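Encoded as structure tokens, the structure appears first; notes follow it.
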Amino acid sequence: MQNKICLITGATSGIGLATATELAKMGLTVVMVGRDEERSQKAAIQIQKETGNQGVVYLLADLSVQAQVRQLAEKFKSRYDRLDVLINNAGAVFLRRQRSADGIEKTFALNHLAYFLLTNLLLDTLKASAPARIINVSSNSHLGEHLDFEDLELKRGYNALRAYGRSKLANLYFTYELARRLEGTGVTVNALHPGFVRTGIAANNGWLVRFFMRLVHLNALTPEEGARTVVYLSTSPEVEGVTGKYFVHEREVASDPVSYDESAAKRLWEASEEMIQAPERSDER
């Protein structure tokens, strides 16, 4: 993996930080994406010291904001002429319904549209770097969910777990549809469930949720354990050329049957294209 370049979102903590560390140990140039300057700088320095790899850097972006996703892609392309591995990892749970700066429900904006927009902005670079890999971190929270195309943003009856589960289903629709569109390009795309991992994914919802998550996490995987499948899909020769699949514990498994609905995947793609082109909306109160 020497001379390979990886871009990973949500890289300053949890699974993202653990993944970035492992990839740095393998000698990759690792471009970490975080929101906060201090945390991002601290994480990059930590990995540099731990691995001896000075090719660990960071870029800043709030991925729920489309303008910042676009700026991120431009900054990356201005500094690097290739991209071997793109890892879409950043995500969150929002206990109450919130809207992004673009006027879009924030779970959908961050957990799905950021994947969709960033990947499409970097596709030309990925194709030029082929063979290249895209890895989308999904979740088994997609099981039993479905997308309501009349209400993708849960304007009616918002529920945090439902919003999260549907965003993870959207990750799978995106993965499978993108794999079909990239056939023959040398760029592969796969998704994964990292397991139930001890991360700070819900820490943005106040002290009570943080306390509850500490209890829930007593039997959870460590971030390092959760990162194994991400690292595997990013680097293993065993999955070279494998695309459009879903992995758990480094093994290919079947996702929920609903996730293989090609018509729904195409419909989501079209809806996503519209949402990344739309200006901030004022039609919702």
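In the structure tokens, the first chain shown is A, the next is B, and so on; residue numbers restart at 1 for each chain, and ligands run from 1 in the order shown.
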
Practice item. Identify, on the basis of only C-alpha atoms, every residue whose closest approach to region 120-135 of chain A does not exceed 8 Å; exclude the query and any residue fewer than 5 positions from it along the same chain; express the result as a list of chain:residue names. Key: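 Here the answer would be A:Arg70, A:Ala73, A:Lys77, A:Asp81, A:Arg82, A:Leu83, A:Asp84, A:Val85, A:Leu86, A:Ile87, A:Asn88, A:Thr185, A:Gly186, A:Val187, A:Thr188, A:Val189, A:Asn190, A:Ala191, A:Leu192, A:Val230, A:Leu233, A:Ser234.
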
**Study point:** Of the listed residues A:Arg267, A:Gln98, A:Asn136, A:Asp62, that which approaches Val231 (chain A) most closely, counting only C-alpha atoms
**Key:** A:Asn136

Extract, using only C-alpha atoms, all DNA, RNA and protein residues at most 10 Å from Phe149 (chain A), discarding same-chain residues fewer than 5 positions from it, and format them as a compact mmCIF listing (two decimals) with C-alpha atoms, in the first residue's frame.
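Writing the result to out38.txt gives the following:
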# COMPACT_ATOMS: atom_id res chain seq x y z
CA LEU A 154 -39.21 12.62 8.04
CA ALA A 264 -35.71 2.37 -5.39
CA ARG A 267 -35.16 6.83 -7.49
CA LEU A 268 -32.98 7.73 -4.50
CA ALA A 271 -33.78 12.54 -5.53

Check your understanding: If you count only C-alpha atoms, which residues fall within 10 Å of Ala90 (chain A), apart from same-chain ones fewer than 6 positions away, as a ChimeraX atom specification?
Key -> /A:8-13,15-16,33-34,62-64,110-112,114-115,136-137,201

Point to revise | Neighbour list for Thr229 (chain A) as a VMD selection string, cut-off 6 Å, only C-alpha atoms, skip fewer than 3 positions in-chain | key: chain A and resid 232 249 to 250

Practice item. Once DSSP has gone over the backbone, tell me which residues of region 58-259 of chain A are in helix (DSSP H, G or I), as number ranges by chain. Key: A: 66-79, 106-128, 140-142, 160-181, 203-205, 207-219, 223-226, 228-235, 237-239, 257-259

Export of the given selection (C-alpha atoms) as a compact mmCIF listing (two decimals), in the first residue's frame:
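As a result, result.txt now contains:
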# COMPACT_ATOMS: atom_id res chain seq x y z
CA GLN A 66 -22.90 21.05 0.90
CA ALA A 67 -20.73 24.11 0.22
CA GLN A 68 -18.11 22.74 2.60
CA VAL A 69 -18.24 19.31 0.95
CA ARG A 70 -17.56 21.01 -2.38
CA GLN A 71 -14.71 23.02 -0.87
CA LEU A 72 -13.27 19.84 0.63
CA ALA A 73 -13.24 18.11 -2.75
CA GLU A 74 -11.58 21.10 -4.40
CA LYS A 75 -8.92 21.35 -1.69
CA PHE A 76 -8.15 17.67 -2.01
CA LYS A 77 -7.87 17.81 -5.81
CA SER A 78 -5.67 20.90 -5.64
CA ARG A 79 -3.17 19.02 -3.47
CA LYS A 106 -29.60 16.72 9.17
CA THR A 107 -29.40 12.93 9.50
CA PHE A 108 -30.13 12.51 5.81
CA ALA A 109 -27.83 15.41 4.91
CA LEU A 110 -24.83 14.08 6.83
CA ASN A 111 -25.26 10.31 6.71
CA HIS A 112 -26.33 9.99 3.08
CA LEU A 113 -26.01 13.17 1.01
CA ALA A 114 -22.45 13.82 2.18
CA TYR A 115 -21.46 10.34 0.94
CA PHE A 116 -23.29 10.94 -2.32
CA LEU A 117 -21.94 14.41 -3.01
CA LEU A 118 -18.32 13.89 -1.96
CA THR A 119 -18.03 10.63 -3.89
CA ASN A 120 -19.45 12.12 -7.07
CA LEU A 121 -17.15 15.14 -6.81
CA LEU A 122 -14.12 12.82 -6.55
CA LEU A 123 -15.19 10.21 -9.10
CA ASP A 124 -12.99 11.51 -11.91
CA THR A 125 -9.95 11.38 -9.63
CA LEU A 126 -10.85 7.88 -8.48
CA LYS A 127 -11.30 6.66 -12.05
CA ALA A 128 -7.97 8.17 -13.07
CA ASN A 140 -27.28 -3.20 10.42
CA SER A 141 -29.65 -0.47 11.58
CA HIS A 142 -30.93 -0.58 7.99
CA ALA A 160 -34.06 9.49 15.64
CA LEU A 161 -33.58 5.74 15.26
CA ARG A 162 -35.83 5.60 12.21
CA ALA A 163 -33.97 8.51 10.62
CA TYR A 164 -30.64 6.83 11.30
CA GLY A 165 -31.78 3.42 10.04
CA ARG A 166 -33.16 4.90 6.84
CA SER A 167 -29.95 6.84 6.25
CA LYS A 168 -28.02 3.58 6.56
CA LEU A 169 -30.40 1.94 4.07
CA ALA A 170 -29.72 4.89 1.77
CA ASN A 171 -26.00 4.09 2.06
CA LEU A 172 -26.71 0.63 0.67
CA TYR A 173 -28.90 1.86 -2.17
CA PHE A 174 -26.13 4.31 -3.04
CA THR A 175 -23.45 1.61 -2.88
CA TYR A 176 -25.27 -0.85 -5.09
CA GLU A 177 -26.36 1.73 -7.65
CA LEU A 178 -22.89 3.28 -7.79
CA ALA A 179 -21.35 -0.17 -8.33
CA ARG A 180 -23.60 -0.66 -11.35
CA ARG A 181 -22.65 2.75 -12.74
CA ALA A 203 -22.66 12.27 22.21
CA ASN A 204 -24.05 15.39 20.53
CA ASN A 205 -27.44 14.81 22.19
CA TRP A 207 -25.36 14.47 29.00
CA LEU A 208 -28.24 12.07 29.59
CA VAL A 209 -27.68 10.34 26.25
CA ARG A 210 -23.93 10.25 26.88
CA PHE A 211 -24.52 8.59 30.25
CA PHE A 212 -26.91 6.05 28.72
CA MET A 213 -24.45 5.25 25.93
CA ARG A 214 -21.71 4.57 28.47
CA LEU A 215 -23.90 1.87 29.98
CA VAL A 216 -24.86 0.44 26.60
CA HIS A 217 -21.24 0.39 25.48
CA LEU A 218 -20.05 -1.86 28.30
CA ASN A 219 -20.17 -4.87 25.97
CA PRO A 223 -13.01 1.25 17.76
CA GLU A 224 -10.02 -0.84 16.69
CA GLU A 225 -12.22 -3.92 16.40
CA GLY A 226 -14.87 -1.94 14.54
CA ARG A 228 -11.14 -4.12 10.96
CA THR A 229 -13.66 -4.53 8.17
CA VAL A 230 -13.02 -0.98 6.93
CA VAL A 231 -9.28 -1.67 6.79
CA TYR A 232 -9.91 -5.04 5.15
CA LEU A 233 -12.03 -3.51 2.38
CA SER A 234 -9.50 -0.71 1.92
CA THR A 235 -6.41 -2.86 1.55
CA PRO A 237 -6.08 -8.27 -2.06
CA GLU A 238 -8.91 -10.72 -1.31
CA VAL A 239 -11.48 -8.10 -2.31
CA PRO A 257 -33.83 -7.79 0.80
CA VAL A 258 -35.36 -4.33 0.40
CA SER A 259 -31.87 -2.88 -0.17

DSSP strand (DSSP E or B) selection over region 71-270 of chain A, as a tab-separated table (two decimals) with C-alpha atoms, in the first residue's frame:
chain	number	residue	atom	x	y	z
A	85	VAL	CA	-9.20	4.77	-1.34
A	86	LEU	CA	-12.20	6.89	-0.35
A	87	ILE	CA	-13.79	5.97	2.98
A	88	ASN	CA	-17.16	7.58	3.70
A	99	ARG	CA	-32.11	21.05	9.54
A	105	GLU	CA	-33.01	17.12	7.61
A	132	ALA	CA	-9.37	2.39	-6.68
A	133	ARG	CA	-11.79	1.61	-3.89
A	134	ILE	CA	-14.77	3.34	-2.26
A	135	ILE	CA	-15.92	2.10	1.14
A	136	ASN	CA	-19.22	3.24	2.63
A	137	VAL	CA	-19.76	2.66	6.34
A	187	VAL	CA	-13.27	1.53	-9.27
A	188	THR	CA	-15.01	-0.72	-6.76
A	189	VAL	CA	-17.51	0.28	-4.08
A	190	ASN	CA	-18.61	-1.76	-1.09
A	191	ALA	CA	-20.48	-1.16	2.16
A	192	LEU	CA	-20.14	-2.61	5.63
A	193	HIS	CA	-21.58	-2.89	9.10
A	197	VAL	CA	-18.82	-0.16	18.47
A	221	LEU	CA	-16.53	-3.53	20.36
A	246	TYR	CA	-22.07	-5.71	1.93
A	247	PHE	CA	-19.63	-6.97	4.56
A	248	VAL	CA	-19.79	-7.82	8.25
A	251	ARG	CA	-17.16	-11.43	5.29
A	252	GLU	CA	-19.61	-10.78	2.50
A	253	VAL	CA	-23.20	-11.17	3.71

Check your understanding: Excluding same-chain residues fewer than 3 positions from region 25-30 of chain A, what lies within 10 Å of it counting only C-alpha atoms, as a ChimeraX atom specification?
Key -> /A:1-8,11,19-22,33,44,47-48,50-58,83-85,235

Exercise for review: Can you work out the spacing between CA of Phe94 (chain A) and CA of Arg156 (chain A) in Å, to one decimal?
Suggested key: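 Between CA of Phe94 (chain A) and CA of Arg156 (chain A) the gap is 15.5 Å.
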
Point to revise | Pick from A:Gln46, A:Thr243, A:Ser255, A:Ser263 nearest to Ser138 (chain A), counting only C-alpha atoms | key: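 Distance minimum relative to Ser138 (chain A) lands on A:Ser255.
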